[in-house]
file coords-v5.txt (compact mmCIF, C-alpha atoms)
# COMPACT_ATOMS: atom_id res chain seq x y z
CA MET S 30 39.01 -16.90 -10.37
CA ALA S 31 39.87 -14.43 -13.16
CA LYS S 32 36.31 -14.60 -14.51
CA MET S 33 34.91 -13.45 -11.18
CA VAL S 34 36.81 -10.19 -10.76
CA PRO S 35 33.75 -7.99 -10.11
CA VAL S 36 32.45 -10.29 -7.38
CA VAL S 37 35.87 -10.61 -5.78
CA GLU S 38 36.29 -6.82 -5.75
CA GLU S 39 32.96 -6.44 -4.01
CA ILE S 40 33.97 -8.92 -1.35
CA MET S 41 37.33 -7.26 -0.95
CA SER S 42 35.79 -3.88 -0.24
CA ALA S 43 33.35 -5.45 2.23
CA ASN S 44 36.40 -7.03 3.83
CA ASP S 45 38.25 -3.71 3.90
CA SER S 46 35.25 -2.02 5.46
CA LEU S 47 35.07 -4.62 8.23
CA ALA S 48 38.83 -4.44 8.67
CA ALA S 49 38.43 -0.71 9.37
CA GLU S 50 35.84 -1.55 12.04
CA ASN S 51 38.24 -4.04 13.61
CA ARG S 52 40.97 -1.40 13.61
CA ALA S 53 38.67 1.11 15.28
CA ASP S 54 37.78 -1.44 18.00
CA LEU S 55 41.43 -2.20 18.64
CA ASP S 56 42.23 1.52 18.83
CA VAL S 57 39.39 2.24 21.26
CA HIS S 58 40.69 -0.47 23.57
CA ARG S 59 44.34 0.57 23.02
CA VAL S 60 45.22 -2.86 21.65
CA LEU S 61 48.09 -3.13 19.17
CA GLY S 62 47.22 -5.84 16.64
CA VAL S 63 49.67 -7.88 14.54
CA ASN S 64 48.80 -10.33 11.76
CA MET S 65 51.30 -13.21 11.51
CA MET S 66 51.43 -15.07 8.21
CA ALA S 67 53.53 -18.04 7.08
CA SER S 68 53.64 -21.35 5.24
CA PRO S 69 52.41 -24.42 7.12
CA GLY S 70 55.05 -25.41 9.65
CA ALA S 71 57.26 -22.32 9.41
CA GLY S 72 56.86 -21.82 13.15
CA LYS S 73 54.11 -19.26 13.76
CA THR S 74 53.04 -20.81 17.07
CA SER S 75 56.65 -21.27 18.15
CA VAL S 76 57.36 -17.56 17.52
CA ILE S 77 54.24 -16.63 19.49
CA LEU S 78 55.29 -18.86 22.41
CA ARG S 79 58.79 -17.31 22.38
CA THR S 80 57.15 -13.86 22.33
CA ILE S 81 54.88 -14.72 25.26
CA ALA S 82 57.87 -16.02 27.24
CA ALA S 83 59.86 -12.84 26.58
CA LEU S 84 57.17 -10.14 26.83
CA GLY S 85 54.44 -11.76 28.90
CA ARG S 86 55.51 -10.10 32.13
CA GLU S 87 55.70 -6.55 30.76
CA LEU S 88 52.76 -6.61 28.34
CA ASN S 89 49.34 -8.21 28.43
CA LEU S 90 49.13 -10.43 25.38
CA GLY S 91 46.19 -12.06 23.64
CA VAL S 92 46.14 -14.48 20.72
CA VAL S 93 43.71 -15.32 17.94
CA GLU S 94 44.46 -18.70 16.36
CA GLY S 95 43.38 -19.28 12.78
CA ASP S 96 42.98 -22.94 11.78
CA THR S 97 41.41 -24.67 8.81
CA ALA S 98 40.30 -27.64 10.92
CA PRO S 99 38.56 -27.95 14.31
CA VAL S 100 41.72 -29.00 16.12
CA THR S 101 43.06 -26.93 19.01
CA ILE S 102 46.69 -28.07 18.87
CA ASP S 103 48.03 -24.51 18.63
CA ALA S 104 45.39 -22.80 20.79
CA ASP S 105 46.04 -25.33 23.56
CA LYS S 106 49.71 -24.35 23.58
CA ILE S 107 48.83 -20.66 23.94
CA VAL S 108 46.38 -21.31 26.77
CA ALA S 109 48.96 -23.53 28.46
CA ALA S 110 51.30 -20.52 28.33
CA GLY S 111 48.71 -18.62 30.35
CA MET S 112 47.40 -16.27 27.67
CA PRO S 113 43.82 -15.57 26.58
CA ALA S 114 43.24 -17.19 23.18
CA VAL S 115 40.35 -17.49 20.76
CA GLN S 116 40.39 -20.02 17.95
CA ILE S 117 38.86 -19.27 14.56
CA ASN S 118 38.09 -22.47 12.67
CA THR S 119 37.80 -21.38 9.03
CA GLY S 120 36.04 -24.62 8.06
CA GLY S 121 38.60 -25.43 5.39
CA ASN S 122 38.96 -21.87 4.15
CA CYS S 123 42.50 -20.87 3.22
CA HIS S 124 42.91 -17.56 5.05
CA LEU S 125 41.49 -15.40 7.81
CA ASP S 126 39.41 -12.42 6.79
CA ALA S 127 38.08 -9.35 8.58
CA VAL S 128 34.64 -10.96 9.14
CA MET S 129 36.19 -13.81 11.08
CA LEU S 130 38.25 -11.47 13.24
CA ARG S 131 35.13 -9.30 13.73
CA LYS S 132 33.43 -12.28 15.39
CA ALA S 133 36.49 -13.22 17.44
CA LEU S 134 37.24 -9.81 18.98
CA PRO S 135 34.21 -9.67 21.35
CA GLN S 136 35.33 -13.01 22.82
CA LEU S 137 38.58 -11.47 24.07
CA PRO S 138 39.08 -9.25 27.14
CA LEU S 139 40.28 -6.34 24.99
CA ASP S 140 40.51 -3.90 27.90
CA ASP S 141 43.10 -6.18 29.49
CA ILE S 142 45.18 -6.72 26.34
CA ASP S 143 48.07 -4.55 25.10
CA LEU S 144 49.23 -6.66 22.17
CA LEU S 145 46.97 -8.99 20.16
CA ILE S 146 48.73 -11.52 17.95
CA VAL S 147 46.61 -13.00 15.18
CA GLU S 148 48.02 -16.25 13.85
CA ASN S 149 46.75 -16.59 10.30
CA VAL S 150 46.15 -19.89 8.48
CA GLY S 151 49.32 -21.57 7.20
CA ASN S 152 49.41 -20.35 3.62
CA LEU S 153 51.94 -18.22 1.73
CA ILE S 154 49.46 -16.97 -0.88
CA CYS S 155 45.85 -16.25 0.12
CA PRO S 156 46.25 -14.36 3.43
CA ALA S 157 48.10 -11.59 1.55
CA GLY S 158 44.82 -10.54 -0.10
CA PHE S 159 42.73 -10.01 3.04
CA ALA S 160 43.35 -7.16 5.49
CA LEU S 161 42.20 -7.98 9.02
CA GLY S 162 42.38 -4.53 10.60
CA THR S 163 45.55 -5.24 12.57
CA HIS S 164 48.14 -2.46 12.80
CA PHE S 165 50.94 -4.32 11.10
CA ASN S 166 51.85 -7.54 9.33
CA VAL S 167 54.67 -10.01 9.90
CA VAL S 168 55.71 -12.95 7.74
CA ILE S 169 57.60 -15.88 9.22
CA ALA S 170 59.77 -17.68 6.68
CA SER S 171 61.85 -20.70 7.62
CA VAL S 172 65.21 -21.98 6.44
CA PRO S 173 64.11 -25.45 5.20
CA GLU S 174 61.45 -23.85 2.94
CA GLY S 175 64.31 -22.64 0.78
CA ASP S 176 65.92 -19.36 -0.22
CA ASP S 177 63.84 -18.92 -3.39
CA LYS S 178 60.48 -18.28 -1.73
CA PRO S 179 60.50 -14.45 -2.16
CA TYR S 180 60.89 -14.96 -5.90
CA LYS S 181 58.13 -17.58 -6.12
CA TYR S 182 55.56 -16.12 -3.71
CA PRO S 183 56.20 -12.37 -3.95
CA ASN S 184 52.82 -10.96 -2.93
CA ILE S 185 52.98 -11.96 0.72
CA TYR S 186 56.26 -10.11 1.31
CA ARG S 187 54.94 -6.79 0.01
CA GLY S 188 53.54 -4.43 2.60
CA ILE S 189 54.76 -6.37 5.62
CA ASP S 190 56.54 -4.56 8.46
CA ALA S 191 58.82 -7.33 9.61
CA LEU S 192 60.14 -10.61 8.27
CA ILE S 193 61.28 -13.37 10.60
CA LEU S 194 63.48 -16.15 9.22
CA ASN S 195 62.96 -19.04 11.62
CA LYS S 196 64.88 -22.32 12.04
CA THR S 197 68.34 -20.82 11.51
CA ASP S 198 69.59 -23.79 13.58
CA LEU S 199 69.06 -25.86 10.41
CA LEU S 200 71.38 -23.67 8.25
CA PRO S 201 74.28 -26.16 8.56
CA TYR S 202 72.10 -28.97 7.16
CA VAL S 203 70.28 -27.40 4.21
CA ASP S 204 71.32 -25.42 1.14
CA PHE S 205 70.18 -21.90 1.90
CA ASP S 206 71.87 -18.80 0.45
CA LEU S 207 71.03 -16.00 2.87
CA ALA S 208 72.27 -13.26 0.52
CA TYR S 209 70.04 -14.57 -2.32
CA PHE S 210 67.05 -14.71 0.02
CA ARG S 211 67.62 -11.14 1.24
CA ARG S 212 68.06 -9.81 -2.29
CA GLY S 213 64.65 -11.29 -3.15
CA ILE S 214 63.09 -9.60 -0.13
CA GLU S 215 64.72 -6.23 -0.77
CA ILE S 216 63.34 -6.17 -4.33
CA LEU S 217 59.83 -6.53 -2.92
CA ASN S 218 60.06 -4.56 0.31
CA ARG S 219 63.12 -2.37 0.65
CA GLY S 220 64.42 -1.95 4.18
CA VAL S 221 61.90 -4.25 5.85
CA ALA S 222 62.90 -5.22 9.41
CA PHE S 223 64.55 -8.64 9.22
CA PHE S 224 65.05 -11.09 12.07
CA PRO S 225 66.84 -14.39 11.45
CA LEU S 226 66.30 -16.51 14.55
CA SER S 227 65.79 -19.98 15.93
CA CYS S 228 62.81 -20.69 18.15
CA LYS S 229 64.49 -23.97 19.02
CA THR S 230 67.77 -22.55 20.38
CA GLY S 231 66.56 -19.00 21.11
CA GLU S 232 69.35 -17.46 19.02
CA GLY S 233 68.26 -14.13 17.51
CA VAL S 234 64.96 -13.99 19.39
CA ASP S 235 66.11 -10.96 21.43
CA ASP S 236 66.33 -8.73 18.33
CA TRP S 237 62.75 -9.56 17.33
CA ILE S 238 61.55 -8.91 20.88
CA ALA S 239 63.37 -5.57 21.07
CA TRP S 240 61.75 -4.46 17.80
CA LEU S 241 58.28 -5.58 18.94
CA ARG S 242 58.77 -3.91 22.33
CA GLY S 243 59.60 -0.69 20.48
CA ARG S 244 56.44 -0.92 18.36
CA ALA S 245 54.32 -1.52 21.47
CA ALA S 246 55.92 1.43 23.29
CA ALA S 247 55.39 3.77 20.34
CA PHE S 248 51.76 2.65 20.09
CA ALA S 249 51.16 3.17 23.83
CA GLN S 250 52.55 6.72 23.57
CA GLY S 251 50.72 7.55 20.33
CA MET L 18 33.60 -17.41 0.85
CA ALA L 19 30.69 -19.06 2.68
CA LYS L 20 28.23 -16.47 1.38
CA MET L 21 29.09 -17.41 -2.19
CA VAL L 22 28.34 -21.12 -2.10
CA PRO L 23 26.08 -21.20 -5.20
CA VAL L 24 28.68 -19.41 -7.34
CA VAL L 25 31.49 -21.58 -6.05
CA GLU L 26 29.53 -24.74 -6.80
CA GLU L 27 28.93 -23.60 -10.34
CA ILE L 28 32.63 -23.01 -10.85
CA MET L 29 33.44 -26.36 -9.29
CA SER L 30 31.25 -28.24 -11.70
CA ALA L 31 32.68 -26.28 -14.64
CA ASN L 32 36.08 -27.29 -13.30
CA ASP L 33 35.06 -30.93 -13.00
CA SER L 34 33.72 -30.91 -16.53
CA LEU L 35 36.99 -29.54 -17.89
CA ALA L 36 38.92 -32.00 -15.73
CA ALA L 37 37.02 -34.80 -17.48
CA GLU L 38 38.09 -33.35 -20.85
CA ASN L 39 41.71 -33.26 -19.69
CA ARG L 40 41.45 -36.88 -18.57
CA ALA L 41 40.01 -37.90 -21.94
CA ASP L 42 42.88 -36.16 -23.74
CA LEU L 43 45.46 -37.88 -21.56
CA ASP L 44 43.78 -41.25 -22.15
CA VAL L 45 43.67 -40.79 -25.93
CA HIS L 46 47.38 -40.09 -25.96
CA ARG L 47 48.12 -42.87 -23.43
CA VAL L 48 49.61 -40.38 -20.97
CA LEU L 49 49.45 -41.19 -17.25
CA GLY L 50 48.95 -37.94 -15.35
CA VAL L 51 49.88 -37.24 -11.72
CA ASN L 52 49.06 -34.12 -9.71
CA MET L 53 51.74 -33.30 -7.11
CA MET L 54 50.69 -31.07 -4.23
CA ALA L 55 52.65 -29.71 -1.25
CA SER L 56 53.42 -26.75 0.98
CA PRO L 57 55.90 -24.19 -0.34
CA GLY L 58 59.38 -25.63 -0.09
CA ALA L 59 58.44 -29.23 0.72
CA GLY L 60 60.46 -30.39 -2.28
CA LYS L 61 58.09 -30.90 -5.22
CA THR L 62 60.69 -29.95 -7.83
CA SER L 63 63.36 -32.01 -6.05
CA VAL L 64 61.11 -35.09 -6.13
CA ILE L 65 60.43 -34.51 -9.82
CA LEU L 66 64.15 -34.18 -10.57
CA ARG L 67 64.85 -37.41 -8.66
CA THR L 68 62.04 -39.09 -10.61
CA ILE L 69 63.43 -37.88 -13.95
CA ALA L 70 66.90 -39.15 -12.99
CA ALA L 71 65.54 -42.58 -12.03
CA LEU L 72 62.86 -43.14 -14.70
CA GLY L 73 63.93 -40.85 -17.55
CA ARG L 74 65.58 -43.61 -19.55
CA GLU L 75 62.71 -46.10 -19.38
CA LEU L 76 59.75 -43.68 -19.63
CA ASN L 77 59.16 -40.47 -21.56
CA LEU L 78 58.33 -37.84 -18.97
CA GLY L 79 56.76 -34.43 -19.29
CA VAL L 80 56.19 -31.77 -16.64
CA VAL L 81 53.71 -28.95 -16.09
CA GLU L 82 54.99 -26.39 -13.58
CA GLY L 83 52.45 -24.35 -11.65
CA ASP L 84 53.75 -21.05 -10.26
CA THR L 85 52.04 -18.01 -8.77
CA ALA L 86 54.66 -15.64 -10.19
CA PRO L 87 56.28 -15.28 -13.65
CA VAL L 88 59.58 -16.80 -12.54
CA THR L 89 60.91 -19.94 -14.21
CA ILE L 90 63.17 -21.16 -11.39
CA ASP L 91 61.54 -24.62 -11.28
CA ALA L 92 60.76 -24.95 -14.98
CA ASP L 93 64.38 -24.13 -15.83
CA LYS L 94 65.54 -27.04 -13.65
CA ILE L 95 63.22 -29.45 -15.47
CA VAL L 96 64.32 -28.25 -18.91
CA ALA L 97 67.96 -28.50 -17.78
CA ALA L 98 67.20 -32.15 -16.93
CA GLY L 99 66.23 -32.64 -20.58
CA MET L 100 62.47 -32.97 -20.20
CA PRO L 101 59.65 -31.13 -21.98
CA ALA L 102 58.07 -28.65 -19.56
CA VAL L 103 55.30 -26.08 -19.72
CA GLN L 104 54.92 -23.43 -17.06
CA ILE L 105 51.53 -22.20 -15.91
CA ASN L 106 51.76 -18.79 -14.25
CA THR L 107 48.59 -18.49 -12.21
CA GLY L 108 49.03 -14.72 -11.83
CA GLY L 109 48.92 -14.89 -8.05
CA ASN L 110 46.18 -17.50 -7.88
CA CYS L 111 46.63 -20.08 -5.15
CA HIS L 112 46.09 -23.35 -7.03
CA LEU L 113 46.00 -24.91 -10.48
CA ASP L 114 42.61 -25.71 -11.94
CA ALA L 115 41.39 -27.76 -14.88
CA VAL L 116 41.09 -24.67 -17.13
CA MET L 117 44.77 -23.90 -16.70
CA LEU L 118 45.79 -27.48 -17.47
CA ARG L 119 43.41 -27.45 -20.46
CA LYS L 120 45.46 -24.62 -21.95
CA ALA L 121 48.79 -26.22 -21.10
CA LEU L 122 48.18 -29.69 -22.58
CA PRO L 123 48.27 -28.65 -26.28
CA GLN L 124 51.70 -27.14 -25.69
CA LEU L 125 53.16 -30.54 -24.80
CA PRO L 126 54.14 -33.36 -27.21
CA LEU L 127 51.57 -35.72 -25.66
CA ASP L 128 52.19 -38.50 -28.20
CA ASP L 129 55.77 -38.68 -26.97
CA ILE L 130 54.97 -38.64 -23.24
CA ASP L 131 54.22 -41.67 -21.04
CA LEU L 132 54.04 -39.94 -17.66
CA LEU L 133 53.00 -36.31 -17.15
CA ILE L 134 53.84 -34.81 -13.76
CA VAL L 135 51.86 -31.69 -12.85
CA GLU L 136 53.55 -29.67 -10.11
CA ASN L 137 50.80 -27.73 -8.39
CA VAL L 138 51.24 -24.36 -6.66
CA GLY L 139 52.84 -24.59 -3.21
CA ASN L 140 49.79 -24.62 -0.95
CA LEU L 141 48.47 -27.24 1.47
CA ILE L 142 44.84 -26.06 1.30
CA CYS L 143 43.41 -24.76 -1.98
CA PRO L 144 44.71 -27.32 -4.52
CA ALA L 145 42.69 -30.03 -2.73
CA GLY L 146 39.45 -28.48 -4.04
CA PHE L 147 40.24 -28.51 -7.75
CA ALA L 148 40.49 -31.70 -9.81
CA LEU L 149 42.79 -31.34 -12.81
CA GLY L 150 41.93 -34.51 -14.70
CA THR L 151 45.10 -36.35 -13.78
CA HIS L 152 44.85 -40.05 -12.96
CA PHE L 153 46.11 -39.79 -9.42
CA ASN L 154 47.24 -37.39 -6.71
CA VAL L 155 50.37 -37.29 -4.59
CA VAL L 156 51.13 -35.07 -1.60
CA ILE L 157 54.71 -34.32 -0.61
CA ALA L 158 55.09 -33.54 3.07
CA SER L 159 58.45 -32.68 4.61
CA VAL L 160 59.98 -33.35 7.99
CA PRO L 161 60.66 -29.71 9.04
CA GLU L 162 56.99 -28.79 8.44
CA GLY L 163 56.17 -30.82 11.53
CA ASP L 164 54.35 -34.01 12.43
CA ASP L 165 51.01 -32.30 13.13
CA LYS L 166 50.17 -31.27 9.56
CA PRO L 167 47.66 -34.10 8.86
CA TYR L 168 45.65 -32.93 11.87
CA LYS L 169 45.76 -29.25 10.88
CA TYR L 170 45.30 -29.51 7.09
CA PRO L 171 43.26 -32.70 6.72
CA ASN L 172 41.54 -32.08 3.38
CA ILE L 173 44.61 -32.38 1.20
CA TYR L 174 45.45 -35.89 2.48
CA ARG L 175 42.04 -37.31 1.63
CA GLY L 176 41.74 -38.99 -1.73
CA ILE L 177 45.44 -39.02 -2.51
CA ASP L 178 47.10 -42.19 -3.79
CA ALA L 179 50.56 -41.70 -2.34
CA LEU L 180 52.19 -39.60 0.35
CA ILE L 181 55.88 -38.76 0.20
CA LEU L 182 57.60 -37.54 3.37
CA ASN L 183 60.66 -35.66 2.10
CA LYS L 184 63.75 -34.37 3.96
CA THR L 185 64.13 -37.40 6.23
CA ASP L 186 67.82 -36.41 6.41
CA LEU L 187 66.68 -33.68 8.83
CA LEU L 188 65.05 -36.14 11.28
CA PRO L 189 68.05 -36.00 13.67
CA TYR L 190 67.75 -32.20 13.94
CA VAL L 191 64.01 -31.55 14.37
CA ASP L 192 61.31 -32.88 16.68
CA PHE L 193 59.22 -35.11 14.44
CA ASP L 194 57.24 -38.09 15.75
CA LEU L 195 56.82 -40.39 12.76
CA ALA L 196 54.23 -42.58 14.51
CA TYR L 197 52.06 -39.53 15.37
CA PHE L 198 52.33 -38.29 11.78
CA ARG L 199 51.30 -41.69 10.37
CA ARG L 200 48.39 -42.04 12.76
CA GLY L 201 47.09 -38.69 11.48
CA ILE L 202 47.38 -39.87 7.90
CA GLU L 203 45.75 -43.24 8.53
CA ILE L 204 42.70 -41.54 10.08
CA LEU L 205 42.21 -39.59 6.86
CA ASN L 206 43.32 -42.09 4.25
CA ARG L 207 43.70 -45.63 5.46
CA GLY L 208 46.42 -47.67 3.76
CA VAL L 209 47.70 -44.87 1.51
CA ALA L 210 51.09 -45.64 -0.04
CA PHE L 211 53.73 -43.93 2.11
CA PHE L 212 57.29 -43.10 1.09
CA PRO L 213 59.64 -41.46 3.58
CA LEU L 214 62.68 -40.34 1.60
CA SER L 215 65.39 -37.74 1.24
CA CYS L 216 65.88 -36.05 -2.11
CA LYS L 217 69.17 -34.73 -0.74
CA THR L 218 70.76 -38.10 0.11
CA GLY L 219 68.63 -40.32 -2.13
CA GLU L 220 67.63 -42.56 0.77
CA GLY L 221 64.17 -44.07 0.23
CA VAL L 222 63.80 -42.77 -3.33
CA ASP L 223 63.93 -46.31 -4.78
CA ASP L 224 60.68 -47.33 -3.07
CA TRP L 225 58.81 -44.34 -4.51
CA ILE L 226 60.25 -45.06 -7.97
CA ALA L 227 59.27 -48.75 -7.78
CA TRP L 228 55.69 -47.78 -6.87
CA LEU L 229 55.48 -45.21 -9.68
CA ARG L 230 56.97 -47.67 -12.17
CA GLY L 231 54.27 -50.13 -11.16
CA ARG L 232 51.52 -47.56 -11.72
CA ALA L 233 52.93 -46.69 -15.13
CA ALA L 234 53.18 -50.36 -16.14
CA ALA L 235 49.60 -51.07 -15.04
CA PHE L 236 48.40 -48.03 -16.99
CA ALA L 237 50.29 -49.07 -20.13
CA GLN L 238 48.70 -52.55 -19.98
CA GLY L 239 45.20 -51.28 -19.14
call {"tool": "encode", "arguments": {"input": "coords-v5.txt", "output": "structure tokens"}}
result
Amino acid sequence: MAKMVPVVEEIMSANDSLAAENRADLDVHRVLGVNMMASPGAGKTSVILRTIAALGRELNLGVVEGDTAPVTIDADKIVAAGMPAVQINTGGNCHLDAVMLRKALPQLPLDDIDLLIVENVGNLICPAGFALGTHFNVVIASVPEGDDKPYKYPNIYRGIDALILNKTDLLPYVDFDLAYFRRGIEILNRGVAFFPLSCKTGEGVDDWIAWLRGRAAAFAQG
Amino acid sequence: MAKMVPVVEEIMSANDSLAAENRADLDVHRVLGVNMMASPGAGKTSVILRTIAALGRELNLGVVEGDTAPVTIDADKIVAAGMPAVQINTGGNCHLDAVMLRKALPQLPLDDIDLLIVENVGNLICPAGFALGTHFNVVIASVPEGDDKPYKYPNIYRGIDALILNKTDLLPYVDFDLAYFRRGIEILNRGVAFFPLSCKTGEGVDDWIAWLRGRAAAFAQG
């Protein structure tokens, strides 16, 4: 797309402008918004389900599900967990953008939501370029993806507020050097909150929940 | 990008035109080209290294490595295996396109190569939209990504010639319904060649190699 830089810049600023409108809407309704990004299959929906199970009684949660195809596999799981969910079908597009979220927000009961989780499309590259208007960004990595991902896909790790490393239950079965992985992250995003955990066993989930609870409390007071 | 359809179509046909030039170059030099696509961390480089180990003595192989960042982690592994390799750094872009391959081909000793493997950028969405000019396409899925990927990311499975399911050694440790996965594939691409295997243990690699050997032999005769 290098030849198209002027056009892309124009779209990006339109996106940023709509992202600001999304942010203002969330603020008016006192909704804390988080954008969750990851590779396909890293466990975005599993993290959201764990989060609903842990925080669903103390906070009102809502979920926006980004999908490239008109299947509701993930959205069905959220609804089954008793949470309001809206699905955005991107029609094959590789990321969510602020326009899509702009259309989704009015379909949610924002006055009854404290924390809105936006599950982006499974992609470790494109979502990094499109602000949605959420208050913070989280990336979910996973052990079987390999310890070299921060070196190969650096852009997505910059500017995020927390990094989850899911599927730690698979550490005994794959070659994954945790120190090498963390060094790669620290080069890109020094001091980022880091939560190794397993959605399958539940190990480590409490630390993520405690951090998220803290963010929600600070937002409610601010 | 929906608003930009006319521009995108123009780029797509420019891409297709350059892909045809790449194909002509490969044909002139009697090089069989394969485009390998996958999510980040599914095991593209591991499959290539297994392929080099199995076929490197009977065929002259060459590799083009697509990366979004200027790191040579994968290319170094290919060179260490004794094969000619060219790296394409997409500068953050989310897929290879025919222009990039057009620039890479003259840097390879095409007269001395029988089979050219192009490792696309790790992305299960965008590479599906850009022909490179290779003779066939392969997707590498992996067990820990989950059995629902064909339903969620359908476009990439259409029009491919072979599907590898890597990391079968992890089947005992993750929930993966092989029949559900295959049904999803068959809906999209009936009868596609399917190779469950483990690059870690080597199990199943022989079937993939036999299929690829057959393709190379048919190409050499044709």
call {"tool": "residues_around", "arguments": {"input": "coords-v5.txt", "residues": "Thr163 in chain S", "least_positions_apart": "5", "cutoff": "10 Å", "atoms": "only C-alpha atoms", "output": "PyMOL selection string"}}
result
chain S and resi 48-49+51-53+55-56+60-65+127+130+145-147
call {"tool": "write_last_selection", "arguments": {"input": "coords-v5.txt", "atoms": "C-alpha atoms", "output": "PDB file, keeping the file's coordinate frame"}}
result
ATOM      1  CA  ALA S  48      38.830  -4.440   8.670  1.00  0.00           C
ATOM      2  CA  ALA S  49      38.430  -0.710   9.370  1.00  0.00           C
ATOM      3  CA  ASN S  51      38.240  -4.040  13.610  1.00  0.00           C
ATOM      4  CA  ARG S  52      40.970  -1.400  13.610  1.00  0.00           C
ATOM      5  CA  ALA S  53      38.670   1.110  15.280  1.00  0.00           C
ATOM      6  CA  LEU S  55      41.430  -2.200  18.640  1.00  0.00           C
ATOM      7  CA  ASP S  56      42.230   1.520  18.830  1.00  0.00           C
ATOM      8  CA  VAL S  60      45.220  -2.860  21.650  1.00  0.00           C
ATOM      9  CA  LEU S  61      48.090  -3.130  19.170  1.00  0.00           C
ATOM     10  CA  GLY S  62      47.220  -5.840  16.640  1.00  0.00           C
ATOM     11  CA  VAL S  63      49.670  -7.880  14.540  1.00  0.00           C
ATOM     12  CA  ASN S  64      48.800 -10.330  11.760  1.00  0.00           C
ATOM     13  CA  MET S  65      51.300 -13.210  11.510  1.00  0.00           C
ATOM     14  CA  ALA S 127      38.080  -9.350   8.580  1.00  0.00           C
ATOM     15  CA  LEU S 130      38.250 -11.470  13.240  1.00  0.00           C
ATOM     16  CA  LEU S 145      46.970  -8.990  20.160  1.00  0.00           C
ATOM     17  CA  ILE S 146      48.730 -11.520  17.950  1.00  0.00           C
ATOM     18  CA  VAL S 147      46.610 -13.000  15.180  1.00  0.00           C
TER      19      VAL S 147
END
call {"tool": "interface_residues", "arguments": {"input": "coords-v5.txt", "of": "chain S", "to": "chain L", "cutoff": "8 Å", "atoms": "only C-alpha atoms", "output": "VMD selection string"}}
result
chain S and resid 30 68 to 71 96 to 98 100 121 to 123 152 to 155 173 to 175 178 180 to 184 199 202
call {"tool": "residues_around", "arguments": {"input": "coords-v5.txt", "residues": "Gln104 in chain L", "least_positions_apart": "4", "cutoff": "7 Å", "atoms": "only C-alpha atoms", "output": "ChimeraX atom specification"}}
result
/L:81-83,92
call {"tool": "write_last_selection", "arguments": {"input": "coords-v5.txt", "atoms": "C-alpha atoms", "output": "PDB file, in the coordinates of the input"}}
result
ATOM      1  CA  VAL L  81      53.710 -28.950 -16.090  1.00  0.00           C
ATOM      2  CA  GLU L  82      54.990 -26.390 -13.580  1.00  0.00           C
ATOM      3  CA  GLY L  83      52.450 -24.350 -11.650  1.00  0.00           C
ATOM      4  CA  ALA L  92      60.760 -24.950 -14.980  1.00  0.00           C
TER       5      ALA L  92
END
call {"tool": "atom_distance", "arguments": {"input": "coords-v5.txt", "atom1": "CA of Leu125 in chain L", "atom2": "CA of Val103 in chain L"}}
result
7.1 Å
call {"tool": "atom_distance", "arguments": {"input": "coords-v5.txt", "atom1": "CA of Glu87 in chain S", "atom2": "CA of Phe248 in chain S"}}
result
14.6 Å
call {"tool": "residues_around", "arguments": {"input": "coords-v5.txt", "residues": "range 227-231 of chain L", "least_positions_apart": "3", "cutoff": "10 Å", "atoms": "all atoms listed in the file", "output": "PyMOL selection string"}}
result
chain L and resi 51+68+71-72+75-76+132+179+210-212+222-224+234-237
call {"tool": "atom_distance", "arguments": {"input": "coords-v5.txt", "atom1": "CA of Met100 in chain L", "atom2": "CA of Leu127 in chain L"}}
result
12.5 Å
call {"tool": "residues_near_point", "arguments": {"input": "coords-v5.txt", "point": "(55.2, -14.9, 14.8)", "cutoff": "7 Å", "atoms": "all atoms listed in the file", "output": "list in words"}}
result
Met65, Lys73, Thr74, Val76, Ile77, Val167 and Ile169 of chain S
call {"tool": "closest_residue", "arguments": {"input": "coords-v5.txt", "among": "L:Asn32, L:Gln238, L:Gln124, L:Asn183", "to": "Ser63 in chain L", "atoms": "only C-alpha atoms"}}
result
L:Asn183
call {"tool": "residues_around", "arguments": {"input": "coords-v5.txt", "residues": "Gly208 in chain L", "least_positions_apart": "3", "cutoff": "12 Å", "atoms": "only C-alpha atoms", "output": "list in words"}}
result
Tyr174, Arg175, Gly176, Ile177, Asp178, Ala179, Leu180, Arg199, Arg200, Gly201, Ile202, Glu203, Ile204, Leu205 and Phe211 of chain L
call {"tool": "write_last_selection", "arguments": {"input": "coords-v5.txt", "atoms": "C-alpha atoms", "output": "CSV table (one decimal), in the frame of the given file"}}
result
chain,number,residue,atom,x,y,z
L,174,TYR,CA,45.4,-35.9,2.5
L,175,ARG,CA,42.0,-37.3,1.6
L,176,GLY,CA,41.7,-39.0,-1.7
L,177,ILE,CA,45.4,-39.0,-2.5
L,178,ASP,CA,47.1,-42.2,-3.8
L,179,ALA,CA,50.6,-41.7,-2.3
L,180,LEU,CA,52.2,-39.6,0.4
L,199,ARG,CA,51.3,-41.7,10.4
L,200,ARG,CA,48.4,-42.0,12.8
L,201,GLY,CA,47.1,-38.7,11.5
L,202,ILE,CA,47.4,-39.9,7.9
L,203,GLU,CA,45.8,-43.2,8.5
L,204,ILE,CA,42.7,-41.5,10.1
L,205,LEU,CA,42.2,-39.6,6.9
L,211,PHE,CA,53.7,-43.9,2.1
